[in-house]
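Structure file data-v6.txt; described as compact mmCIF, C-alpha atoms.
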```
# COMPACT_ATOMS: atom_id res chain seq x y z
CA MET A 1 100.47 66.64 54.23
CA THR A 2 98.91 65.45 57.45
CA ALA A 3 99.96 66.73 60.85
CA LYS A 4 101.60 63.37 61.54
CA GLU A 5 103.67 63.65 58.37
CA LYS A 6 104.80 67.15 59.28
CA LEU A 7 106.02 66.19 62.75
CA PRO A 8 109.74 65.33 62.94
CA GLY A 9 110.74 61.74 63.53
CA SER A 10 112.12 60.60 66.87
CA LEU A 11 115.72 61.31 67.71
CA ALA A 12 118.15 58.58 66.87
CA GLY A 13 119.14 56.02 69.48
CA ALA A 14 118.10 55.80 73.10
CA ALA A 15 118.86 59.45 73.87
CA ALA A 16 115.33 60.69 73.10
CA PRO A 17 113.46 58.88 75.90
CA ARG A 18 116.18 59.73 78.41
CA PHE A 19 116.10 63.47 77.66
CA SER A 20 112.31 63.45 77.48
CA ALA A 21 112.12 61.89 80.94
CA ARG A 22 114.56 64.43 82.36
CA GLU A 23 112.51 67.30 80.97
CA SER A 24 109.32 65.85 82.43
CA TRP A 25 110.83 65.37 85.89
CA ARG A 26 112.05 69.00 85.89
CA ILE A 27 108.39 70.02 86.13
CA PHE A 28 108.39 68.79 89.72
CA GLY A 29 111.38 71.01 90.48
CA ILE A 30 109.54 73.99 89.01
CA MET A 31 106.46 73.16 91.08
CA ALA A 32 108.59 72.94 94.21
CA GLU A 33 110.10 76.36 93.46
CA PHE A 34 106.63 77.92 93.24
CA VAL A 35 105.38 76.19 96.39
CA GLU A 36 108.44 77.02 98.52
CA ALA A 37 108.51 80.68 97.50
CA THR A 38 104.76 81.13 98.00
CA GLU A 39 104.91 79.65 101.49
CA ARG A 40 107.91 81.75 102.52
CA LEU A 41 106.56 85.03 101.16
CA ASN A 42 102.91 84.80 102.19
CA ALA A 43 103.45 86.93 105.31
CA ILE A 44 105.21 89.87 103.63
CA ARG A 45 102.14 91.72 102.34
CA PRO A 46 101.69 94.59 101.71
CA ALA A 47 104.83 94.83 99.63
CA VAL A 48 106.36 96.96 96.90
CA SER A 49 108.70 95.56 94.24
CA ILE A 50 111.62 97.79 93.25
CA PHE A 51 113.60 97.20 90.05
CA GLY A 52 116.69 98.77 88.51
CA SER A 53 120.19 98.23 87.20
CA ALA A 54 122.61 95.84 88.86
CA ARG A 55 125.51 97.98 87.55
CA ILE A 56 124.96 101.10 89.64
CA PRO A 57 127.62 101.90 92.33
CA PRO A 58 126.60 103.06 95.82
CA ASP A 59 127.63 106.67 95.14
CA HIS A 60 125.31 106.96 92.12
CA LEU A 61 122.17 109.12 92.22
CA TYR A 62 119.96 106.17 91.25
CA TYR A 63 121.33 104.06 94.12
CA MET A 64 120.71 106.82 96.64
CA GLN A 65 117.21 107.47 95.31
CA ALA A 66 116.31 103.78 95.48
CA GLU A 67 117.67 103.49 99.02
CA LYS A 68 115.64 106.48 100.20
CA ILE A 69 112.44 105.28 98.52
CA ALA A 70 112.86 101.84 100.06
CA ARG A 71 113.46 103.28 103.52
CA LEU A 72 110.34 105.44 103.27
CA LEU A 73 108.27 102.50 102.10
CA SER A 74 109.63 100.25 104.83
CA ASP A 75 108.91 102.80 107.55
CA ALA A 76 105.41 103.26 106.08
CA GLY A 77 104.69 99.56 106.56
CA PHE A 78 105.56 98.03 103.19
CA SER A 79 107.87 95.08 102.74
CA VAL A 80 110.32 95.88 99.95
CA ILE A 81 111.09 93.24 97.31
CA SER A 82 114.11 93.42 95.03
CA GLY A 83 116.05 91.02 92.87
CA GLY A 84 118.53 90.50 95.70
CA GLY A 85 121.64 91.42 93.73
CA PRO A 86 123.93 94.48 93.55
CA GLY A 87 123.25 98.00 92.30
CA VAL A 88 119.71 99.31 92.63
CA MET A 89 118.62 95.94 94.02
CA GLU A 90 121.09 96.33 96.87
CA ALA A 91 119.99 99.91 97.45
CA ALA A 92 116.36 98.83 97.74
CA ASN A 93 117.18 96.03 100.16
CA LYS A 94 119.48 98.28 102.17
CA GLY A 95 116.87 100.98 102.61
CA ALA A 96 114.28 98.46 103.77
CA TYR A 97 116.74 96.52 105.93
CA PHE A 98 117.29 99.53 108.17
CA GLY A 99 113.59 100.36 108.14
CA LYS A 100 110.65 98.92 110.05
CA SER A 101 109.43 96.34 107.51
CA PRO A 102 111.05 93.28 105.91
CA SER A 103 113.65 93.50 103.18
CA VAL A 104 113.08 90.68 100.67
CA GLY A 105 115.53 89.49 98.02
CA LEU A 106 114.43 87.21 95.18
CA ASN A 107 117.82 86.02 93.97
CA ILE A 108 118.44 84.22 90.68
CA GLN A 109 121.06 81.59 89.86
CA LEU A 110 122.97 82.73 86.77
CA PRO A 111 125.81 81.16 84.72
CA MET A 112 128.00 83.94 86.14
CA GLU A 113 126.49 83.68 89.59
CA GLN A 114 124.76 86.76 90.98
CA GLN A 115 126.15 87.69 94.35
CA ALA A 116 123.34 88.21 96.86
CA ASN A 117 123.57 91.51 98.72
CA PRO A 118 123.80 91.36 102.54
CA TYR A 119 120.72 93.48 103.29
CA GLN A 120 118.00 90.83 103.19
CA ASP A 121 115.71 89.77 106.02
CA ILE A 122 114.19 87.15 103.71
CA SER A 123 116.24 85.68 100.88
CA GLN A 124 114.75 83.29 98.32
CA THR A 125 116.79 81.88 95.44
CA PHE A 126 115.30 80.84 92.09
CA GLN A 127 116.61 78.81 89.19
CA HIS A 128 113.93 79.99 86.75
CA PHE A 129 113.32 83.59 85.74
CA PHE A 130 109.61 82.97 85.14
CA ALA A 131 109.03 81.67 88.67
CA ARG A 132 110.88 84.67 90.09
CA LYS A 133 108.91 87.12 87.94
CA PHE A 134 105.66 85.54 89.09
CA MET A 135 106.56 86.25 92.72
CA PHE A 136 107.39 89.89 91.96
CA VAL A 137 103.88 90.35 90.58
CA LYS A 138 101.99 88.12 92.99
CA PHE A 139 103.05 89.89 96.18
CA ALA A 140 103.40 93.48 94.95
CA SER A 141 100.94 96.25 95.78
CA ALA A 142 103.03 98.55 93.57
CA TYR A 143 106.03 98.56 91.23
CA VAL A 144 108.77 101.15 91.54
CA VAL A 145 111.04 101.05 88.50
CA MET A 146 114.40 102.76 88.61
CA PRO A 147 116.64 103.16 85.53
CA GLY A 148 117.99 99.82 84.33
CA GLY A 149 118.72 97.55 81.40
CA PHE A 150 117.06 94.56 79.74
CA GLY A 151 116.06 92.88 82.99
CA THR A 152 114.41 96.04 84.29
CA LEU A 153 112.55 96.56 81.02
CA ASP A 154 111.48 92.91 81.10
CA GLU A 155 109.92 93.33 84.55
CA LEU A 156 108.28 96.62 83.58
CA LEU A 157 106.73 95.33 80.35
CA GLU A 158 105.64 92.09 82.01
CA ALA A 159 103.66 94.02 84.61
CA MET A 160 102.16 96.36 82.02
CA THR A 161 101.14 93.44 79.82
CA LEU A 162 99.49 91.54 82.67
CA ILE A 163 97.47 94.58 83.71
CA GLN A 164 96.62 95.61 80.15
CA THR A 165 95.31 92.13 79.31
CA GLY A 166 93.36 91.78 82.56
CA LYS A 167 95.50 88.95 83.89
CA SER A 168 96.57 90.94 86.94
CA ARG A 169 94.97 93.54 89.18
CA ARG A 170 95.69 97.22 88.61
CA ILE A 171 98.59 98.40 90.76
CA PRO A 172 100.66 101.61 90.60
CA ILE A 173 103.66 101.34 88.27
CA ILE A 174 105.97 104.24 89.01
CA LEU A 175 108.95 105.14 86.85
CA VAL A 176 111.59 107.10 88.77
CA HIS A 177 113.88 109.66 87.11
CA GLY A 178 111.92 111.05 84.19
CA ALA A 179 115.02 112.11 82.24
CA PHE A 180 115.85 108.43 81.82
CA TRP A 181 112.35 107.26 80.83
CA ASN A 182 111.02 110.13 78.70
CA GLY A 183 112.62 108.90 75.46
CA LEU A 184 111.01 105.47 75.86
CA LEU A 185 107.62 106.99 76.68
CA ASP A 186 107.87 109.32 73.68
CA TRP A 187 108.56 106.32 71.44
CA VAL A 188 105.62 104.41 72.90
CA ARG A 189 103.38 107.42 72.28
CA ASP A 190 104.73 108.18 68.79
CA ARG A 191 104.93 104.63 67.49
CA LEU A 192 102.74 102.24 69.47
CA VAL A 193 99.83 104.59 70.02
CA THR A 194 100.06 106.27 66.60
CA GLU A 195 100.18 102.93 64.79
CA ARG A 196 97.40 101.56 67.02
CA MET A 197 99.51 98.83 68.57
CA ILE A 198 98.13 99.92 71.96
CA ASN A 199 95.31 102.18 73.11
CA PRO A 200 96.09 105.75 74.23
CA ALA A 201 94.70 104.86 77.68
CA ASP A 202 97.39 102.19 78.08
CA LEU A 203 99.89 104.98 78.75
CA ASP A 204 98.00 105.59 81.99
CA LEU A 205 99.35 102.28 83.31
CA VAL A 206 102.54 104.10 84.34
CA GLN A 207 103.36 107.38 86.02
CA VAL A 208 106.68 109.21 86.24
CA ILE A 209 107.68 110.53 89.67
CA ASP A 210 111.12 111.71 90.73
CA GLU A 211 110.77 112.64 94.40
CA PRO A 212 110.98 109.71 96.88
CA GLU A 213 108.28 111.17 99.15
CA ALA A 214 105.97 111.63 96.15
CA VAL A 215 106.47 107.97 95.18
CA VAL A 216 105.16 106.82 98.56
CA GLU A 217 102.33 109.37 98.44
CA ALA A 218 101.22 108.12 95.00
CA ILE A 219 101.01 104.53 96.27
CA PHE A 220 98.89 105.56 99.25
CA LYS A 221 96.67 107.68 96.99
CA HIS A 222 95.98 104.69 94.74
CA TYR A 223 94.73 102.71 97.75
CA GLU A 224 92.99 105.49 99.67
CA THR A 225 89.52 103.99 99.05
CA ARG A 226 90.46 100.33 99.54
CA GLY A 227 92.93 98.04 101.32
CA PHE A 228 96.37 97.11 100.01
CA LEU A 229 95.61 93.38 99.81
CA PRO A 230 93.88 91.90 96.76
CA LEU A 231 90.10 91.92 96.87
CA PRO A 232 88.45 88.46 96.66
CA GLU A 233 87.81 88.82 92.93
CA GLU A 234 91.39 90.05 92.39
CA HIS A 235 92.76 87.14 94.37
CA GLU A 236 90.81 84.75 92.15
CA LEU A 237 92.10 86.57 89.07
CA MET A 238 95.73 86.28 90.17
CA LEU A 239 95.41 82.53 90.68
CA ASN A 240 95.42 82.40 86.87
CA LEU A 241 98.47 84.62 86.26
```
Hey, can you dump this file as structure tokens for me?
Amino acid sequence: MTAKEKLPGSLAGAAAPRFSARESWRIFGIMAEFVEATERLNAIRPAVSIFGSARIPPDHLYYMQAEKIARLLSDAGFSVISGGGPGVMEAANKGAYFGKSPSVGLNIQLPMEQQANPYQDISQTFQHFFARKFMFVKFASAYVVMPGGFGTLDELLEAMTLIQTGKSRRIPIILVHGAFWNGLLDWVRDRLVTERMINPADLDLVQVIDEPEAVVEAIFKHYETRGFLPLPEEHELMLNL
């Protein structure tokens, strides 16, 4: 069979062109989302993105850890970026909000709408997860990853993949609360490395640190011989994320 024969026929009736046109016009909305967010966030560097569960209450250890880390980062001169919602995201924004540097929330519109937390100096709302994830990577000088669910793992693995494949510059990726992450890291070591799905050196993309002060220290150590902003060649690289 030829490629033409394998392709499905057009949808019945006049619906096909109408839906096709709608999908094409949505591209302009996506472009606008990228442009607006880039313009609004350009002044926040250097920044650190903090991720974690939306389901954590304010009296939880993870919440308090995230709030303290964010406050230390903010007072040290880093803008703090979170997903703008509740739980760890709120803790991160809250810590930065009462610090010296901007608290940034990248909110997402969901079918069951995410409620934006009130601790945001800059709040940007997205319709598309991929546009939002791009901004987390583009403006971050480091990732701090608290315990969380699928969304947190998605952000973590996205960053690791971009760095591993050379699509993004090398930044610190710090996992907080080793007791939570050790099982996952053991599985990565036992399965992915052993079965040669990744290289042993790929495990060096992340580090586990529990103490808030040590998290900030590790970020400064990574940049002690260079500035926090992307180098010219890194900036060029990240244009092709």
Which polymer residues have any atom within 10 Å of an atom of Val208 of chain A, counting all atoms listed in the file, with same-chain residues fewer than 6 positions away left out, as a JSON list (two decimals) with C-alpha atoms, in the frame of the given file?
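Wrote it out as out26.json, contents follow:
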```json
[["chain", "number", "residue", "atom", "x", "y", "z"],
["A", 144, "VAL", "CA", 108.77, 101.15, 91.54],
["A", 145, "VAL", "CA", 111.04, 101.05, 88.50],
["A", 173, "ILE", "CA", 103.66, 101.34, 88.27],
["A", 174, "ILE", "CA", 105.97, 104.24, 89.01],
["A", 175, "LEU", "CA", 108.95, 105.14, 86.85],
["A", 176, "VAL", "CA", 111.59, 107.10, 88.77],
["A", 177, "HIS", "CA", 113.88, 109.66, 87.11],
["A", 178, "GLY", "CA", 111.92, 111.05, 84.19],
["A", 179, "ALA", "CA", 115.02, 112.11, 82.24],
["A", 181, "TRP", "CA", 112.35, 107.26, 80.83],
["A", 182, "ASN", "CA", 111.02, 110.13, 78.70],
["A", 185, "LEU", "CA", 107.62, 106.99, 76.68],
["A", 215, "VAL", "CA", 106.47, 107.97, 95.18]]
```
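Counting all atoms listed in the file and comparing A:Gly166, A:Gly84, A:Pro212, A:Ala131, the residue that lies closest to Gln65 of chain A is A:Pro212.
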ask   = What does the distance from atom CA of Lys6 of chain A to atom CA of Ser24 of chain A come to in Å, to one decimal?
value = 23.6 Å
task = Kindly give the distance, in Å, that separates atom CA of Asn93 of chain A and atom CA of Gln124 of chain A, rounded to a single decimal.
result =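 Computed distance, atom CA of Asn93 of chain A to atom CA of Gln124 of chain A, equals 13.1 Å.
Note that the spacing between atom CA of Ser74 of chain A and atom CA of Ser103 of chain A amounts to 8.0 Å.
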Would you give me, as a tab-separated table, each residue of segment 115-184 of chain A having an atom within 12 Å of an atom of segment 34-49 of chain A, along with its shortest atom pair and that distance in Å to one decimal, using only C-alpha atoms and sorting by chain and residue number?
```
residue	atom	partner	partner_atom	distance
A:Asp121	CA	A:Ile44	CA	10.8
A:Ile122	CA	A:Leu41	CA	8.3
A:Ser123	CA	A:Arg40	CA	9.4
A:Gln124	CA	A:Ala37	CA	6.8
A:Thr125	CA	A:Ala37	CA	8.6
A:Phe126	CA	A:Ala37	CA	8.7
A:Gln127	CA	A:Phe34	CA	10.8
A:His128	CA	A:Phe34	CA	10.0
A:Phe129	CA	A:Phe34	CA	11.5
A:Phe130	CA	A:Phe34	CA	10.0
A:Ala131	CA	A:Phe34	CA	6.4
A:Arg132	CA	A:Phe34	CA	8.6
A:Lys133	CA	A:Ser49	CA	10.5
A:Phe134	CA	A:Phe34	CA	8.7
A:Met135	CA	A:Thr38	CA	7.6
A:Phe136	CA	A:Ser49	CA	6.3
A:Val137	CA	A:Ser49	CA	8.0
A:Lys138	CA	A:Thr38	CA	9.0
A:Phe139	CA	A:Ala47	CA	6.3
A:Ala140	CA	A:Val48	CA	5.0
A:Ser141	CA	A:Val48	CA	5.6
A:Ala142	CA	A:Val48	CA	5.0
A:Tyr143	CA	A:Ser49	CA	5.0
A:Val144	CA	A:Ser49	CA	6.2
A:Val145	CA	A:Ser49	CA	8.3
A:Met146	CA	A:Ser49	CA	10.8
A:Thr152	CA	A:Ser49	CA	11.5
A:Glu155	CA	A:Ser49	CA	10.0
A:Leu156	CA	A:Ser49	CA	10.7
A:Ala159	CA	A:Ser49	CA	11.0
A:Ile171	CA	A:Val48	CA	10.0
A:Pro172	CA	A:Val48	CA	9.7
A:Ile173	CA	A:Ser49	CA	9.7
A:Ile174	CA	A:Ser49	CA	10.5
```
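Using all atoms listed in the file, the protein and nucleic acid residues lying no more than 8 Å from Arg169 of chain A, apart from those fewer than 2 places from it along its own chain, are A:Ile163, A:Gly166, A:Lys167, A:Ile171, A:Pro230, A:Glu234, A:Leu237, A:Met238.
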Store the residues picked out above, limited to C-alpha atoms, as a short mmCIF file (atom, residue, chain, number, x, y, z; two decimals), in the coordinates of the input.
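After the write, result16.cif holds the following:
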```cif
data_model
loop_
_atom_site.label_atom_id
_atom_site.label_comp_id
_atom_site.auth_asym_id
_atom_site.auth_seq_id
_atom_site.Cartn_x
_atom_site.Cartn_y
_atom_site.Cartn_z
CA ILE A 163 97.47 94.58 83.71
CA GLY A 166 93.36 91.78 82.56
CA LYS A 167 95.50 88.95 83.89
CA ILE A 171 98.59 98.40 90.76
CA PRO A 230 93.88 91.90 96.76
CA GLU A 234 91.39 90.05 92.39
CA LEU A 237 92.10 86.57 89.07
CA MET A 238 95.73 86.28 90.17
#
```
key: A:Asp204, A:Arg226, A:Ile50, A:His235 ranked by distance to Arg189 of chain A, top pick (using all atoms listed in the file)   =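 Of A:Asp204, A:Arg226, A:Ile50, A:His235, the one nearest Arg189 of chain A, counting all atoms listed in the file, is A:Asp204.
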task = For Pro118 of chain A, please output as number ranges by chain all residues within 12 Å (counting all atoms listed in the file; exclusion window: fewer than 4 positions along the same chain).
result = A: 84-86, 89-98, 103-105, 107, 122-123
Dump as an mmCIF file, in the coordinates of the input, selection limited to C-alpha atoms:
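Result file selection_33.cif:
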```cif
data_model
loop_
_atom_site.group_PDB
_atom_site.id
_atom_site.type_symbol
_atom_site.label_atom_id
_atom_site.label_comp_id
_atom_site.auth_asym_id
_atom_site.auth_seq_id
_atom_site.Cartn_x
_atom_site.Cartn_y
_atom_site.Cartn_z
ATOM 1 C CA GLY A 84 118.530 90.500 95.700
ATOM 2 C CA GLY A 85 121.640 91.420 93.730
ATOM 3 C CA PRO A 86 123.930 94.480 93.550
ATOM 4 C CA MET A 89 118.620 95.940 94.020
ATOM 5 C CA GLU A 90 121.090 96.330 96.870
ATOM 6 C CA ALA A 91 119.990 99.910 97.450
ATOM 7 C CA ALA A 92 116.360 98.830 97.740
ATOM 8 C CA ASN A 93 117.180 96.030 100.160
ATOM 9 C CA LYS A 94 119.480 98.280 102.170
ATOM 10 C CA GLY A 95 116.870 100.980 102.610
ATOM 11 C CA ALA A 96 114.280 98.460 103.770
ATOM 12 C CA TYR A 97 116.740 96.520 105.930
ATOM 13 C CA PHE A 98 117.290 99.530 108.170
ATOM 14 C CA SER A 103 113.650 93.500 103.180
ATOM 15 C CA VAL A 104 113.080 90.680 100.670
ATOM 16 C CA GLY A 105 115.530 89.490 98.020
ATOM 17 C CA ASN A 107 117.820 86.020 93.970
ATOM 18 C CA ILE A 122 114.190 87.150 103.710
ATOM 19 C CA SER A 123 116.240 85.680 100.880
#
```
